[in-house]
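Student: Below is the file model14.pdb, which contains PDB, C-alpha atoms and all ligand atoms.
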```
ATOM      1  CA  MET A 195      75.080 132.632  62.423
ATOM      2  CA  SER A 196      75.890 134.385  65.726
ATOM      3  CA  ASN A 197      75.718 138.119  65.616
ATOM      4  CA  THR A 198      78.096 140.789  66.859
ATOM      5  CA  GLN A 199      77.285 141.321  70.476
ATOM      6  CA  PRO A 200      77.891 144.261  72.794
ATOM      7  CA  ALA A 201      80.357 143.322  75.494
ATOM      8  CA  PRO A 202      78.829 142.385  78.836
ATOM      9  CA  VAL A 203      79.897 144.316  81.928
ATOM     10  CA  ALA A 204      82.298 141.823  83.505
ATOM     11  CA  SER A 205      81.731 142.963  87.103
ATOM     12  CA  GLN A 206      78.059 141.991  86.776
ATOM     13  CA  ARG A 207      78.810 138.279  86.263
ATOM     14  CA  THR A 208      78.015 135.797  88.985
ATOM     15  CA  GLN A 209      77.820 132.025  89.354
ATOM     16  CA  LEU A 210      74.146 131.028  89.260
ATOM     17  CA  LYS A 211      72.669 128.637  91.760
ATOM     18  CA  ALA A 212      69.118 127.704  92.695
ATOM     19  CA  ARG A 213      68.061 128.448  96.272
ATOM     20  CA  LYS A 214      65.358 126.021  97.329
ATOM     21  CA  VAL A 215      63.222 128.498  99.248
ATOM     22  CA  SER A 216      59.850 127.935 100.850
ATOM     23  CA  PHE A 217      57.356 130.383 102.320
ATOM     24  CA  ALA A 218      54.595 130.127 104.919
ATOM     25  CA  TRP A 219      51.508 131.964 103.682
ATOM     26  CA  GLU A 220      49.063 131.523 106.597
ATOM     27  CA  LYS A 221      49.525 135.053 107.879
ATOM     28  CA  THR A 222      49.524 136.898 104.554
ATOM     29  CA  PRO A 223      46.366 139.038 104.270
ATOM     30  CA  LEU A 224      44.210 139.500 101.172
ATOM     31  CA  HIS A 225      45.498 143.020 100.635
ATOM     32  CA  TRP A 226      49.127 142.477 101.425
ATOM     33  CA  VAL A 227      49.873 146.101 100.490
ATOM     34  CA  PRO A 228      47.659 147.463 103.306
ATOM     35  CA  GLY A 229      44.666 149.436 102.064
ATOM     36  CA  ASP A 230      45.799 149.146  98.443
ATOM     37  CA  PRO A 231      43.949 146.387  96.588
ATOM     38  CA  PHE A 232      45.015 147.755  93.194
ATOM     39  CA  ALA A 233      48.781 147.582  93.862
ATOM     40  CA  THR A 234      48.292 144.211  95.608
ATOM     41  CA  HIS A 235      46.414 142.693  92.682
ATOM     42  CA  THR A 236      48.601 144.204  89.971
ATOM     43  CA  ILE A 237      51.589 142.507  91.595
ATOM     44  CA  ASN A 238      49.519 139.362  92.276
ATOM     45  CA  VAL A 239      49.268 138.839  88.511
ATOM     46  CA  LEU A 240      52.836 137.528  88.767
ATOM     47  CA  HIS A 241      51.457 134.467  90.600
ATOM     48  CA  LEU A 242      49.148 133.821  87.652
ATOM     49  CA  LEU A 243      51.664 134.218  84.852
ATOM     50  CA  LEU A 244      54.938 132.966  86.254
ATOM     51  CA  PRO A 245      54.204 129.328  87.144
ATOM     52  CA  ALA A 246      53.268 128.450  83.538
ATOM     53  CA  GLY A 247      55.600 131.035  81.975
ATOM     54  CA  GLU A 248      58.733 129.916  83.759
ATOM     55  CA  ARG A 249      57.929 126.224  83.180
ATOM     56  CA  TRP A 250      57.746 127.139  79.502
ATOM     57  CA  PHE A 251      61.184 128.854  79.644
ATOM     58  CA  ILE A 252      62.635 125.609  80.995
ATOM     59  CA  HIS A 253      60.902 123.510  78.360
ATOM     60  CA  VAL A 254      62.332 125.681  75.569
ATOM     61  CA  TYR A 255      65.819 125.893  77.096
ATOM     62  CA  ARG A 256      66.122 122.116  77.362
ATOM     63  CA  GLN A 257      65.658 122.072  73.576
ATOM     64  CA  VAL A 258      68.171 124.836  72.927
ATOM     65  CA  LEU A 259      70.977 123.296  75.013
ATOM     66  CA  PRO A 260      72.341 121.235  72.069
ATOM     67  CA  TYR A 261      72.824 124.476  70.095
ATOM     68  CA  ILE A 262      75.040 126.043  72.770
ATOM     69  CA  HIS A 263      78.726 125.594  72.005
ATOM     70  CA  ASP A 264      80.176 127.684  74.800
ATOM     71  CA  GLU A 265      80.821 125.926  78.093
ATOM     72  CA  GLN A 266      80.352 129.005  80.270
ATOM     73  CA  LEU A 267      77.036 129.856  78.627
ATOM     74  CA  ARG A 268      75.947 126.234  78.975
ATOM     75  CA  GLN A 269      76.622 126.405  82.712
ATOM     76  CA  ASP A 270      74.692 129.686  82.886
ATOM     77  CA  VAL A 271      71.721 128.075  81.150
ATOM     78  CA  ILE A 272      71.785 125.143  83.575
ATOM     79  CA  GLY A 273      71.885 127.614  86.504
ATOM     80  CA  PHE A 274      69.067 129.628  84.908
ATOM     81  CA  ILE A 275      66.903 126.512  84.510
ATOM     82  CA  GLY A 276      67.478 125.616  88.175
ATOM     83  CA  GLN A 277      66.491 129.094  89.368
ATOM     84  CA  GLU A 278      63.402 129.366  87.146
ATOM     85  CA  ALA A 279      62.153 125.956  88.322
ATOM     86  CA  VAL A 280      62.129 127.169  91.936
ATOM     87  CA  HIS A 281      60.538 130.517  90.948
ATOM     88  CA  SER A 282      57.706 128.788  89.120
ATOM     89  CA  GLN A 283      56.988 126.529  92.099
ATOM     90  CA  ALA A 284      57.215 129.355  94.653
ATOM     91  CA  HIS A 285      54.574 131.444  92.840
ATOM     92  CA  ASP A 286      52.398 128.378  92.311
ATOM     93  CA  ASP A 287      52.440 127.836  96.081
ATOM     94  CA  VAL A 288      50.784 131.241  96.640
ATOM     95  CA  LEU A 289      47.657 130.214  94.685
ATOM     96  CA  PRO A 290      46.065 128.014  97.430
ATOM     97  CA  ARG A 291      46.356 130.964  99.820
ATOM     98  CA  LEU A 292      44.602 133.263  97.319
ATOM     99  CA  LYS A 293      41.860 130.664  96.973
ATOM    100  CA  GLN A 294      41.539 130.469 100.759
ATOM    101  CA  LEU A 295      41.102 134.248 100.821
ATOM    102  CA  GLY A 296      38.244 134.026  98.315
ATOM    103  CA  LEU A 297      40.146 134.581  95.087
ATOM    104  CA  ASP A 298      39.998 131.410  93.022
ATOM    105  CA  PRO A 299      42.546 131.954  90.245
ATOM    106  CA  THR A 300      41.668 128.776  88.301
ATOM    107  CA  PRO A 301      39.626 130.403  85.474
ATOM    108  CA  TYR A 302      42.545 132.679  84.677
ATOM    109  CA  THR A 303      45.409 130.220  85.158
ATOM    110  CA  ALA A 304      43.644 127.704  82.882
ATOM    111  CA  GLN A 305      43.910 130.266  80.057
ATOM    112  CA  VAL A 306      47.537 131.066  80.851
ATOM    113  CA  ASP A 307      48.393 127.355  80.877
ATOM    114  CA  TRP A 308      46.755 127.007  77.455
ATOM    115  CA  LEU A 309      48.739 129.955  76.120
ATOM    116  CA  PHE A 310      52.121 128.595  77.174
ATOM    117  CA  GLU A 311      51.510 124.891  76.686
ATOM    118  CA  LYS A 312      49.492 124.950  73.462
ATOM    119  CA  LEU A 313      49.934 128.255  71.623
ATOM    120  CA  LEU A 314      53.622 128.632  72.507
ATOM    121  CA  GLY A 315      54.312 124.921  72.929
ATOM    122  CA  ASP A 316      55.978 122.505  70.523
ATOM    123  CA  ARG A 317      54.028 122.416  67.324
ATOM    124  CA  THR A 318      53.913 119.316  65.210
ATOM    125  CA  LEU A 319      56.567 120.585  62.848
ATOM    126  CA  PRO A 320      58.815 118.400  60.732
ATOM    127  CA  PRO A 321      62.443 118.235  61.920
ATOM    128  CA  GLY A 322      64.578 120.776  60.085
ATOM    129  CA  ARG A 323      64.098 124.435  59.231
ATOM    130  CA  ALA A 324      60.530 124.953  60.414
ATOM    131  CA  ARG A 325      61.178 123.361  63.773
ATOM    132  CA  LYS A 326      64.382 125.358  64.269
ATOM    133  CA  TRP A 327      62.627 128.601  63.231
ATOM    134  CA  TRP A 328      59.984 128.073  65.909
ATOM    135  CA  LEU A 329      62.631 127.283  68.520
ATOM    136  CA  MET A 330      64.532 130.502  67.668
ATOM    137  CA  GLU A 331      61.340 132.570  67.831
ATOM    138  CA  ARG A 332      60.733 131.276  71.338
ATOM    139  CA  VAL A 333      64.343 131.797  72.433
ATOM    140  CA  ALA A 334      64.090 135.428  71.273
ATOM    141  CA  THR A 335      60.743 135.825  73.042
ATOM    142  CA  ILE A 336      62.280 134.618  76.302
ATOM    143  CA  ALA A 337      65.079 137.199  75.942
ATOM    144  CA  ALA A 338      62.437 139.942  75.574
ATOM    145  CA  ILE A 339      60.445 138.714  78.583
ATOM    146  CA  GLU A 340      63.615 138.470  80.672
ATOM    147  CA  HIS A 341      64.280 142.139  79.938
ATOM    148  CA  TYR A 342      61.072 142.807  81.871
ATOM    149  CA  THR A 343      61.626 140.279  84.658
ATOM    150  CA  ALA A 344      64.991 141.986  85.282
ATOM    151  CA  PHE A 345      63.318 145.402  85.110
ATOM    152  CA  LEU A 346      60.720 144.282  87.676
ATOM    153  CA  GLY A 347      63.365 142.620  89.828
ATOM    154  CA  ASP A 348      65.381 145.811  89.942
ATOM    155  CA  TRP A 349      62.210 147.772  90.698
ATOM    156  CA  VAL A 350      61.096 145.593  93.604
ATOM    157  CA  LEU A 351      64.565 145.546  95.171
ATOM    158  CA  ASN A 352      64.339 149.352  95.304
ATOM    159  CA  ALA A 353      60.608 149.723  96.045
ATOM    160  CA  ASP A 354      61.044 151.230  99.519
ATOM    161  CA  GLU A 355      57.504 152.597  99.383
ATOM    162  CA  LEU A 356      56.197 149.050  99.852
ATOM    163  CA  ASP A 357      58.151 148.833 103.147
ATOM    164  CA  ARG A 358      56.924 152.259 104.239
ATOM    165  CA  ARG A 359      53.339 151.140 103.672
ATOM    166  CA  GLY A 360      53.834 148.001 105.773
ATOM    167  CA  ALA A 361      53.563 145.434 102.977
ATOM    168  CA  ASP A 362      53.470 141.809 104.132
ATOM    169  CA  PRO A 363      57.070 140.744 104.834
ATOM    170  CA  THR A 364      56.635 137.209 103.463
ATOM    171  CA  MET A 365      55.283 138.469 100.128
ATOM    172  CA  LEU A 366      58.012 141.095  99.953
ATOM    173  CA  ASP A 367      60.652 138.433 100.557
ATOM    174  CA  LEU A 368      59.193 136.220  97.809
ATOM    175  CA  LEU A 369      59.213 139.143  95.374
ATOM    176  CA  ARG A 370      62.681 140.335  96.309
ATOM    177  CA  TRP A 371      64.284 136.894  96.414
ATOM    178  CA  HIS A 372      62.805 136.247  92.961
ATOM    179  CA  GLY A 373      63.644 139.756  91.764
ATOM    180  CA  ALA A 374      67.225 139.416  92.975
ATOM    181  CA  GLU A 375      67.681 136.137  91.089
ATOM    182  CA  GLU A 376      66.188 137.759  87.997
ATOM    183  CA  VAL A 377      68.805 140.512  88.292
ATOM    184  CA  GLU A 378      71.516 137.886  88.893
ATOM    185  CA  HIS A 379      70.664 135.943  85.732
ATOM    186  CA  ARG A 380      69.444 138.873  83.608
ATOM    187  CA  SER A 381      72.063 138.349  80.886
ATOM    188  CA  VAL A 382      71.508 134.655  80.269
ATOM    189  CA  ALA A 383      68.466 134.770  77.975
ATOM    190  CA  PHE A 384      69.925 137.572  75.868
ATOM    191  CA  ASP A 385      73.317 135.839  75.640
ATOM    192  CA  VAL A 386      71.610 132.612  74.562
ATOM    193  CA  PHE A 387      69.635 134.438  71.886
ATOM    194  CA  MET A 388      72.753 136.218  70.580
ATOM    195  CA  HIS A 389      74.702 132.946  70.602
ATOM    196  CA  VAL A 390      72.182 130.875  68.652
ATOM    197  CA  ASP A 391      70.679 133.526  66.375
ATOM    198  CA  GLY A 392      70.891 137.198  67.345
ATOM    199  CA  GLY A 393      68.954 138.502  64.329
ATOM    200  CA  TYR A 394      67.904 142.090  64.938
ATOM    201  CA  ARG A 395      64.595 141.834  63.096
ATOM    202  CA  ARG A 396      63.733 138.792  65.154
ATOM    203  CA  ARG A 397      64.652 140.693  68.322
ATOM    204  CA  VAL A 398      62.285 143.546  67.423
ATOM    205  CA  ARG A 399      59.470 141.282  66.240
ATOM    206  CA  THR A 400      59.495 139.061  69.315
ATOM    207  CA  TRP A 401      59.846 142.067  71.633
ATOM    208  CA  ALA A 402      56.708 143.625  70.095
ATOM    209  CA  ALA A 403      54.763 140.385  70.485
ATOM    210  CA  ALA A 404      55.979 139.799  74.058
ATOM    211  CA  PHE A 405      55.311 143.392  75.135
ATOM    212  CA  ALA A 406      51.793 143.409  73.682
ATOM    213  CA  ALA A 407      51.017 140.006  75.225
ATOM    214  CA  LEU A 408      52.349 141.055  78.635
ATOM    215  CA  LEU A 409      50.278 144.262  78.629
ATOM    216  CA  PHE A 410      47.188 142.345  77.580
ATOM    217  CA  LEU A 411      47.642 139.571  80.154
ATOM    218  CA  TRP A 412      48.544 141.981  82.933
ATOM    219  CA  GLN A 413      45.583 144.287  82.574
ATOM    220  CA  ARG A 414      43.285 141.282  82.225
ATOM    221  CA  GLY A 415      44.777 139.615  85.302
ATOM    222  CA  THR A 416      44.497 142.771  87.398
ATOM    223  CA  ARG A 417      40.899 143.249  86.292
ATOM    224  CA  PHE A 418      40.177 139.593  87.070
ATOM    225  CA  PHE A 419      41.440 139.984  90.642
ATOM    226  CA  MET A 420      39.758 143.341  91.223
ATOM    227  CA  GLU A 421      36.398 142.068  89.954
ATOM    228  CA  ASN A 422      36.587 138.837  91.963
ATOM    229  CA  ASP A 423      37.961 140.320  95.190
ATOM    230  CA  PRO A 424      35.296 139.381  97.777
ATOM    231  CA  SER A 425      36.018 142.518  99.842
ATOM    232  CA  LEU A 426      35.426 144.974  96.975
ATOM    233  CA  LEU A 427      31.961 146.001  95.824
ATOM    234  CA  HIS A 428      32.838 147.414  92.419
ATOM    235  CA  GLY A 429      36.498 146.559  91.991
ATOM    236  CA  LYS A 430      37.942 148.098  88.856
ATOM    237  CA  ALA A 431      41.368 148.452  87.304
ATOM    238  CA  SER A 432      42.398 151.409  85.191
ATOM    239  CA  PHE A 433      45.489 152.767  83.511
ATOM    240  CA  LYS A 434      45.058 156.007  85.489
ATOM    241  CA  GLU A 435      45.376 154.111  88.738
ATOM    242  CA  PHE A 436      48.452 152.317  87.425
ATOM    243  CA  TYR A 437      50.006 155.662  86.540
ATOM    244  CA  ILE A 438      49.206 157.144  89.977
ATOM    245  CA  SER A 439      50.574 154.057  91.778
ATOM    246  CA  GLY A 440      53.763 154.412  89.733
ATOM    247  CA  ARG A 441      54.122 158.016  90.886
ATOM    248  CA  ARG A 442      53.578 156.890  94.464
ATOM    249  CA  GLY A 443      56.159 154.117  94.173
ATOM    250  CA  THR A 444      53.859 151.193  94.939
ATOM    251  CA  LEU A 445      54.107 150.010  91.308
ATOM    252  CA  PRO A 446      56.705 150.640  88.580
ATOM    253  CA  ALA A 447      56.551 154.139  87.088
ATOM    254  CA  THR A 448      55.031 154.391  83.614
ATOM    255  CA  GLY A 449      57.921 156.599  82.446
ATOM    256  CA  ASP A 450      60.507 154.015  83.570
ATOM    257  CA  LEU A 451      58.596 151.307  81.721
ATOM    258  CA  LEU A 452      58.471 153.369  78.529
ATOM    259  CA  ARG A 453      62.161 154.248  78.753
ATOM    260  CA  SER A 454      63.052 150.561  79.005
ATOM    261  CA  ILE A 455      61.727 149.970  75.468
ATOM    262  CA  PRO A 456      64.334 151.837  73.378
ATOM    263  CA  ARG A 457      67.066 150.430  75.630
ATOM    264  CA  TYR A 458      66.139 146.848  74.710
ATOM    265  CA  LEU A 459      65.896 147.753  71.037
ATOM    266  CA  SER A 460      69.227 149.590  70.955
ATOM    267  CA  HIS A 461      72.054 147.859  69.051
ATOM    268  CA  ALA A 462      74.308 148.624  72.026
ATOM    269  CA  TYR A 463      72.046 146.887  74.552
ATOM    270  CA  HIS A 464      73.342 144.289  76.930
ATOM    271  CA  PRO A 465      71.352 143.352  80.064
ATOM    272  CA  SER A 466      74.461 143.632  82.253
ATOM    273  CA  GLN A 467      74.248 147.425  81.788
ATOM    274  CA  GLU A 468      71.013 147.460  83.815
ATOM    275  CA  GLY A 469      70.424 146.758  87.510
ATOM    276  CA  SER A 470      73.080 145.813  90.044
ATOM    277  CA  THR A 471      74.372 142.307  90.680
ATOM    278  CA  ALA A 472      75.966 143.540  93.929
ATOM    279  CA  GLN A 473      72.580 144.712  95.206
ATOM    280  CA  ALA A 474      70.948 141.417  94.195
ATOM    281  CA  VAL A 475      73.635 139.289  95.839
ATOM    282  CA  ASP A 476      73.447 141.442  98.965
ATOM    283  CA  TYR A 477      69.677 140.948  99.192
ATOM    284  CA  LEU A 478      70.064 137.187  98.736
ATOM    285  CA  ALA A 479      72.622 137.094 101.541
ATOM    286  CA  HIS A 480      70.006 138.566 103.915
ATOM    287  CA  SER A 481      66.697 137.285 102.510
ATOM    288  CA  PRO A 482      64.921 135.244 105.237
ATOM    289  CA  ALA A 483      63.812 132.591 102.716
ATOM    290  CA  ALA A 484      67.167 132.380 100.912
ATOM    291  CA  THR A 485      69.210 132.180 104.133
ATOM    292  CA  ALA A 486      66.851 129.494 105.514
ATOM    293  CA  ALA A 487      67.262 127.540 102.255
ATOM    294  CA  GLU A 488      71.034 127.854 102.518
ATOM    295  CA  ALA A 489      70.970 126.645 106.136
ATOM    296  CA  ARG A 490      68.850 123.621 105.144
ATOM    297  CA  MET A 491      71.295 122.843 102.314
ATOM    298  CA  THR A 492      74.350 123.017 104.514
ATOM    299  CA  GLY A 493      72.605 121.290 107.445
ATOM    300  CA  THR A 494      73.133 124.216 109.813
ATOM    301  CA  SER A 495      69.451 124.844 110.580
TER     302      SER A 495
HETATM  303 FE    FE B   1      62.092 133.811  87.409
HETATM  304 FE    FE B   2      64.356 134.844  84.810
END
```
Is it possible to express this structure as structure tokens?
Ligand SMILES: [Fe+2]
Ligand SMILES: [Fe+2]
Tutor:
Amino acid sequence: MSNTQPAPVASQRTQLKARKVSFAWEKTPLHWVPGDPFATHTINVLHLLLPAGERWFIHVYRQVLPYIHDEQLRQDVIGFIGQEAVHSQAHDDVLPRLKQLGLDPTPYTAQVDWLFEKLLGDRTLPPGRARKWWLMERVATIAAIEHYTAFLGDWVLNADELDRRGADPTMLDLLRWHGAEEVEHRSVAFDVFMHVDGGYRRRVRTWAAAFAALLFLWQRGTRFFMENDPSLLHGKASFKEFYISGRRGTLPATGDLLRSIPRYLSHAYHPSQEGSTAQAVDYLAHSPAATAAEARMTGTS
């Protein structure tokens, strides 16, 4: 059943652990990338998608655990679940602040919750082949999405333009702590998929569905924020602006995004070939939220 798998880059392996971070949002302004509502709101879409999306990852992974017959991978999955649980909560905690600033995300998050809980949830399938098929589809979908969370994590760790423009330090720390953990655990979802199924057609099919859904949800979420931003008269979102922001470095570059597609679909792909674990671990060693969480854990605060 398992497929031949490209060898992971051994130096990129790390022991996964959840860091129980917390953030204080009182001082974060509406446009936390100063003077740039479009970049702010494009990135803000993460707070709409991730709470439900990452809860869904965990829900699916609890079901796939019995199919994992490799102790190391099992430990990785447990570490992954722990990290995603904190990510989901941390992004959820930003939503009251957005509401306070005049951006009530409820109409949008209600739809996202429906998508993950109902459309992608457990269907009433009989035990056996149909139920397993649906589980494998979702495991493959998570691997495709995690290709993009790692891509975004790597991007934000290197997005110096956000620092140059004076982006809010608390929001930057949330994004980089999360991004660093995404880079740390970037191989887990792909390894799980290859271990339990690994079918190439399934990889391509679920990638296409995940990519199309992400594009759709992202542009809708950005438009939702731009149109409901109380400080903007005629807030609009456009692909042109996305492209320009990518050139500027305040959002991922369109070319980088496009180049990431054939990499994921290549037979030689393994997530450990992308991003840098050393850079991620280094950020986590200095992140204000992660170091405070560590101090609370060890009782040194
Ligand atoms: Fe995450
Ligand atoms: Fe992740």
Student: Taking all atoms listed in the file into account, which residues are within 10 Å of ligand FE 2 (chain B), as number ranges by chain?
Tutor: A: 244, 247-248, 251, 274-275, 277-279, 281-282, 336-337, 339-344, 347, 372-383
Student: Mind pulling up the distance from atom CA of Asp270 of chain A to atom CA of Lys214 of chain A?
Tutor: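 Straight-line distance from atom CA of Lys214 of chain A to atom CA of Asp270 of chain A works out to 17.6 Å.
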Student: One decimal, Å: what's the distance from atom CA of Arg207 of chain A over to atom CA of Tyr458 of chain A, could you say?
Tutor: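 So the two atoms, atom CA of Arg207 of chain A and atom CA of Tyr458 of chain A, lie 19.2 Å apart.
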Student: Report as a list in words the full result of the PyMOL selection byres (((chain A and resi 434-438) around 9) and not hetatm) when it is applied to this structure.
Tutor: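 Selected by the PyMOL selection byres (((chain A and resi 434-438) around 9) and not hetatm) here: Phe232, Ala233, Thr236, Ala431, Ser432, Phe433, Ser439, Gly440, Arg441, Arg442, Gly443, Leu445, Pro446, Ala447, Thr448 and Gly449 of chain A.
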Student: Under the PyMOL selection byres (((chain A and resi 268) around 12) and not hetatm), which residues of this model are included? Write them out as a compact mmCIF listing (two decimals) with C-alpha atoms, keeping the file's coordinate frame.
Tutor:
```txt
# COMPACT_ATOMS: atom_id res chain seq x y z
CA LEU A 210 74.15 131.03 89.26
CA TYR A 255 65.82 125.89 77.10
CA ARG A 256 66.12 122.12 77.36
CA VAL A 258 68.17 124.84 72.93
CA LEU A 259 70.98 123.30 75.01
CA PRO A 260 72.34 121.24 72.07
CA TYR A 261 72.82 124.48 70.10
CA ILE A 262 75.04 126.04 72.77
CA HIS A 263 78.73 125.59 72.00
CA ASP A 264 80.18 127.68 74.80
CA GLU A 265 80.82 125.93 78.09
CA GLN A 266 80.35 129.00 80.27
CA LEU A 267 77.04 129.86 78.63
CA GLN A 269 76.62 126.40 82.71
CA ASP A 270 74.69 129.69 82.89
CA VAL A 271 71.72 128.07 81.15
CA ILE A 272 71.78 125.14 83.58
CA GLY A 273 71.89 127.61 86.50
CA PHE A 274 69.07 129.63 84.91
CA ILE A 275 66.90 126.51 84.51
CA VAL A 382 71.51 134.66 80.27
CA ALA A 383 68.47 134.77 77.97
CA ASP A 385 73.32 135.84 75.64
CA VAL A 386 71.61 132.61 74.56
CA HIS A 389 74.70 132.95 70.60
CA VAL A 390 72.18 130.88 68.65
```
Student: Ranking A:Trp371, A:Ser454, A:Phe387, A:Ala284 by minimum distance to Val475 of chain A and counting all atoms listed in the file, which one comes first?
Tutor: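 Going through A:Trp371, A:Ser454, A:Phe387, A:Ala284 one by one, the smallest distance to Val475 of chain A is for A:Trp371.
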Student: Padding 6 Å on each side, edges along x, y and z: where is the centre of the box around the listed atoms of segment 260-276 of chain A, and how long are its edges in Å to one decimal? Output it as lines of an AutoDock Vina configuration file.
Tutor:
```
center_x = 73.9
center_y = 125.5
center_z = 79.1
size_x = 25.9
size_y = 20.6
size_z = 30.1
```
Student: Can you list, as a tab-separated table (two decimals) with C-alpha atoms, keeping the file's coordinate frame, the residues that the PyMOL selection byres (((chain A and resi 298) around 12) and not hetatm) selects here?
Tutor:
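Written file, part-v1.tsv:
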```
chain	number	residue	atom	x	y	z
A	242	LEU	CA	49.15	133.82	87.65
A	288	VAL	CA	50.78	131.24	96.64
A	289	LEU	CA	47.66	130.21	94.68
A	290	PRO	CA	46.06	128.01	97.43
A	291	ARG	CA	46.36	130.96	99.82
A	292	LEU	CA	44.60	133.26	97.32
A	293	LYS	CA	41.86	130.66	96.97
A	294	GLN	CA	41.54	130.47	100.76
A	295	LEU	CA	41.10	134.25	100.82
A	296	GLY	CA	38.24	134.03	98.32
A	297	LEU	CA	40.15	134.58	95.09
A	299	PRO	CA	42.55	131.95	90.24
A	300	THR	CA	41.67	128.78	88.30
A	301	PRO	CA	39.63	130.40	85.47
A	302	TYR	CA	42.54	132.68	84.68
A	303	THR	CA	45.41	130.22	85.16
A	304	ALA	CA	43.64	127.70	82.88
A	418	PHE	CA	40.18	139.59	87.07
A	419	PHE	CA	41.44	139.98	90.64
A	421	GLU	CA	36.40	142.07	89.95
A	422	ASN	CA	36.59	138.84	91.96
A	423	ASP	CA	37.96	140.32	95.19
A	424	PRO	CA	35.30	139.38	97.78
```
Student: What is the atom CA of Phe310 of chain A-atom CA of Gly392 of chain A distance in Å, reported with one decimal?
Tutor: 22.9 Å
Student: Of the residues A:Ala201, A:Leu368, A:Ala361, A:Met330, which is the one nearest to ligand FE 1 (chain B), using only C-alpha atoms and all ligand atoms?
Tutor: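 Using only C-alpha atoms and all ligand atoms, ligand FE 1 (chain B) sits closest to A:Leu368.
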Student: Of the candidates A:Pro223, A:Gly276, A:Gly469, A:Gly415, which shows the shortest atom-to-atom distance to ligand FE 1 (chain B), using all atoms listed in the file?
Tutor: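 Closest to ligand FE 1 (chain B) of all the choices is A:Gly276.
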Student: Which residues, written as a list in words, have at least one atom at most 12 Å from Gly229 of chain A, with all atoms listed in the file counted and residues fewer than 5 positions away on the same chain left out?
Tutor: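 The neighbour list is Pro223, Leu224, Thr234, His235, Leu356, Arg359, Gly360, Ala361, Asp362, Ser425, Leu426 and Thr444 of chain A.
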Student: Counting only C-alpha atoms and all ligand atoms, which of A:Val333, A:Leu369, A:Ala486, A:Leu314 gets nearest to ligand FE 1 (chain B)?
Tutor: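 Closest residue, counting only C-alpha atoms and all ligand atoms: A:Leu369.
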Student: Take segment 472-484 of chain A from the block and save it with N, CA and C atoms, as an mmCIF file, in the first residue's frame.
Tutor:
```
data_model
loop_
_atom_site.group_PDB
_atom_site.id
_atom_site.type_symbol
_atom_site.label_atom_id
_atom_site.label_comp_id
_atom_site.auth_asym_id
_atom_site.auth_seq_id
_atom_site.Cartn_x
_atom_site.Cartn_y
_atom_site.Cartn_z
ATOM 1 N N ALA A 472 16.809 25.022 10.661
ATOM 2 C CA ALA A 472 17.720 25.802 11.519
ATOM 3 C C ALA A 472 17.183 27.222 11.706
ATOM 4 N N GLN A 473 16.685 27.810 10.628
ATOM 5 C CA GLN A 473 16.142 29.173 10.737
ATOM 6 C C GLN A 473 14.892 29.184 11.626
ATOM 7 N N ALA A 474 14.044 28.167 11.467
ATOM 8 C CA ALA A 474 12.823 28.086 12.267
ATOM 9 C C ALA A 474 13.162 27.932 13.753
ATOM 10 N N VAL A 475 14.063 27.020 14.049
ATOM 11 C CA VAL A 475 14.433 26.761 15.447
ATOM 12 C C VAL A 475 15.087 28.012 16.049
ATOM 13 N N ASP A 476 15.875 28.700 15.245
ATOM 14 C CA ASP A 476 16.522 29.924 15.724
ATOM 15 C C ASP A 476 15.467 30.983 16.046
ATOM 16 N N TYR A 477 14.459 31.117 15.169
ATOM 17 C CA TYR A 477 13.412 32.110 15.471
ATOM 18 C C TYR A 477 12.693 31.742 16.772
ATOM 19 N N LEU A 478 12.375 30.457 16.925
ATOM 20 C CA LEU A 478 11.633 30.021 18.110
ATOM 21 C C LEU A 478 12.430 30.233 19.396
ATOM 22 N N ALA A 479 13.748 30.193 19.265
ATOM 23 C CA ALA A 479 14.602 30.413 20.445
ATOM 24 C C ALA A 479 14.596 31.881 20.868
ATOM 25 N N HIS A 480 14.176 32.773 19.954
ATOM 26 C CA HIS A 480 14.176 34.212 20.276
ATOM 27 C C HIS A 480 12.785 34.838 20.278
ATOM 28 N N SER A 481 11.789 34.119 19.779
ATOM 29 C CA SER A 481 10.432 34.671 19.697
ATOM 30 C C SER A 481 9.961 35.099 21.085
ATOM 31 N N PRO A 482 9.481 36.346 21.246
ATOM 32 C CA PRO A 482 9.001 36.776 22.575
ATOM 33 C C PRO A 482 7.925 35.834 23.128
ATOM 34 N N ALA A 483 6.952 35.454 22.286
ATOM 35 C CA ALA A 483 5.867 34.595 22.788
ATOM 36 C C ALA A 483 6.365 33.196 23.131
ATOM 37 N N ALA A 484 7.238 32.643 22.261
ATOM 38 C CA ALA A 484 7.719 31.271 22.509
ATOM 39 C C ALA A 484 8.644 31.222 23.723
#
```
